[in-house]
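Peer 1: This is the structure I want to talk about, given as structure tokens.
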Amino acid sequence: MGMRQTPEITPEMLQQHPSLLLYMMFIGLLVFTILISSLASWAWLLYRQSHGQPWIPRRLGWQPSCWSLFDVLLIAGFVVLLQLGPASWALRAMGIGSQGQMSLEAMAVGGAASLMGVFLGVAWIIARYRRSIEHVGLGAIPVSLLALSMAAGLAMLPLVYLMMTAISLMSQSEYSHPLIESAQASGSLTGFLLAFFAAVVAAPLTEEFLFRGMLQGWLQSIPFKSLLTNVLGVTPQSQAMPPSVIEPPLADASAGHATAFPSEMTEVVAKVEAVPAVWPAVVTGILFGLAHISYGMSFVPLSVLGIFLGLVYRQTQSLWPCVLIHMLLNSISMLMLGLIIFVTQIAG
């Protein structure tokens, strides 16, 4: 089911409703600002490339994720169970039932339940593995690295929208999403705000935590762990090999003194900076797009977006740039939806 046909905006409509004109001017200014920012971002990123600098520098000190496939599935189960359990009970308590299509209230409550699942997931990782919140990608990030990540995101967003538009024109199909359809059918400010919370706050935080944080983080750690640790998160008991030790030579009695080696044992430790693989970003990005396949052909550009976000996560070791870029993309879509709702309400 696609969106309803949007009424035509006429000069008379704008004269009778100055607020509509102001809203359109705001959206126009926002789109213009994003386009200028995108061009500036491309110029800056290409400048960095011409000087041998990466678009987004890789953050040093990366360590393989401690969690396992069991933890990934368990945390995803937290999100699902909270939506099926407490969220459903809350909707019944408010007297909200499903009538054909899912209501905006149900989507907002489901989004809140998803955020609670994210909170429980973070708490589970911290409690089980005794790690800090930085290890799950939710710690502080250097401002310069965040700025470069957002610049790359601004450069990427127009390409994603162009891909969506091209696919929509070639396939002669409209982007279909239950939240958009429900918000358009509601035609109210309350409905729009509920949809905005679900799409701009809950969805980016939940999806980035599950796809980029948990799933990609686990896939990136596979080469550095045993099979049992990858699946269950349990390190098998084994005897640790003693460290490599250089025994000090015996003193030279004829010379009357010891050799130049110190008498203490010397341990040689070589530290090599670990680098996460690229393929987890590609795999996770494709899975991210396929998770939206029921919404139409948009899963193709969303797969590209997912791969890009995976590469950002790989470079920064932080979920915040991915969340902010995801929020920006959804915010633009929701503001355009708000215009459609506004015009429909006036014309109706």
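Ordered as shown in the structure tokens, chains take letters A, B, and onward, while each chain numbers its residues from 1 and ligands are numbered from 1 in the order shown.
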If we count only C-alpha atoms, what is near Leu302 of chain A at a cut-off of 9 Å, once residues fewer than 3 positions away on the same chain are taken out, given as a count of residues only?
Peer 2: 13
Peer 1: As number ranges by chain, please: all residues of segment 34-163 of chain A that backbone DSSP puts in alpha helix (DSSP H).
Peer 2: A: 34-50, 69-84, 86-93, 104-129, 143-163
Peer 1: So that I can check the surroundings of Val201 of chain A, please list as a list in words every protein, DNA and RNA residue that reaches within 10 Å of it, counting only C-alpha atoms and ignoring chain neighbours fewer than 3 positions away.
Peer 2: Ala108, Gly111, Ala112, Leu115, Ala195, Phe196, Phe197, Ala198, Pro204, Leu205, Thr206, Val323, Leu324, His326, Met327, Asn330 and Ser331 of chain A
Peer 1: Restricting the calculation to only C-alpha atoms, which member of A:Leu210, A:Leu232, A:Leu309, A:Ala152 is positioned closest to Ala291 of chain A?
Peer 2: A:Leu210
Peer 1: Please determine, counting only C-alpha atoms, which residue among A:Met163, A:Val136, A:Leu45, A:Leu35 has the shortest atom-to-atom distance to Pro57 of chain A.
Peer 2: A:Leu45
Peer 1: Quick one: everything within 10 Å of Leu73 of chain A, counting only C-alpha atoms, minus sequence neighbours fewer than 4 positions away in the same chain. Send it as a PDB file with N, CA and C atoms, in the first residue's frame.
Peer 2:
ATOM      1  N   SER A  68      29.885 -12.478  21.911  1.00  0.00           N
ATOM      2  CA  SER A  68      29.816 -13.649  21.047  1.00  0.00           C
ATOM      3  C   SER A  68      28.515 -13.650  20.262  1.00  0.00           C
ATOM      4  N   LEU A  69      28.349 -14.670  19.406  1.00  0.00           N
ATOM      5  CA  LEU A  69      27.092 -14.835  18.680  1.00  0.00           C
ATOM      6  C   LEU A  69      25.934 -15.034  19.643  1.00  0.00           C
ATOM      7  N   GLY A  77      17.044 -10.670  21.016  1.00  0.00           N
ATOM      8  CA  GLY A  77      15.867 -11.229  21.686  1.00  0.00           C
ATOM      9  C   GLY A  77      15.300 -10.286  22.726  1.00  0.00           C
ATOM     10  N   PHE A  78      16.175  -9.532  23.432  1.00  0.00           N
ATOM     11  CA  PHE A  78      15.698  -8.530  24.379  1.00  0.00           C
ATOM     12  C   PHE A  78      14.743  -7.557  23.692  1.00  0.00           C
ATOM     13  N   LEU A 210      22.323  -2.580  17.038  1.00  0.00           N
ATOM     14  CA  LEU A 210      22.216  -4.001  16.691  1.00  0.00           C
ATOM     15  C   LEU A 210      23.076  -4.356  15.483  1.00  0.00           C
ATOM     16  N   MET A 214      26.612  -4.546  17.677  1.00  0.00           N
ATOM     17  CA  MET A 214      26.617  -5.957  18.077  1.00  0.00           C
ATOM     18  C   MET A 214      27.053  -6.881  16.930  1.00  0.00           C
ATOM     19  N   LEU A 215      26.381  -6.802  15.781  1.00  0.00           N
ATOM     20  CA  LEU A 215      26.642  -7.754  14.700  1.00  0.00           C
ATOM     21  C   LEU A 215      28.002  -7.499  14.046  1.00  0.00           C
TER      22      LEU A 215
END
Peer 1: Would you work out the distance separating atom CA of Glu134 of chain A from atom CA of Pro64 of chain A, expressed in Å to one decimal?
Peer 2: 12.6 Å
Peer 1: Give the answer as one residue: which of A:Gln16, A:Gln317, A:Gln83, A:Thr165 has the shortest atom-to-atom distance to Pro301 of chain A, using only C-alpha atoms?
Peer 2: A:Thr165
Peer 1: With a distance cut-off of 9 Å and only C-alpha atoms, select the neighbouring residues of Gly217 of chain A, excluding the residue or stretch itself and same-chain residues fewer than 2 positions from it, and output the selection as a PyMOL selection string.
Peer 2: chain A and resi 64-67+136+211-215+219-221+280+314
Peer 1: For Val118 of chain A, which residue among A:Leu287, A:Ile75, A:Leu193, A:Met156 is the nearest when counting only C-alpha atoms?
Peer 2: A:Ile75
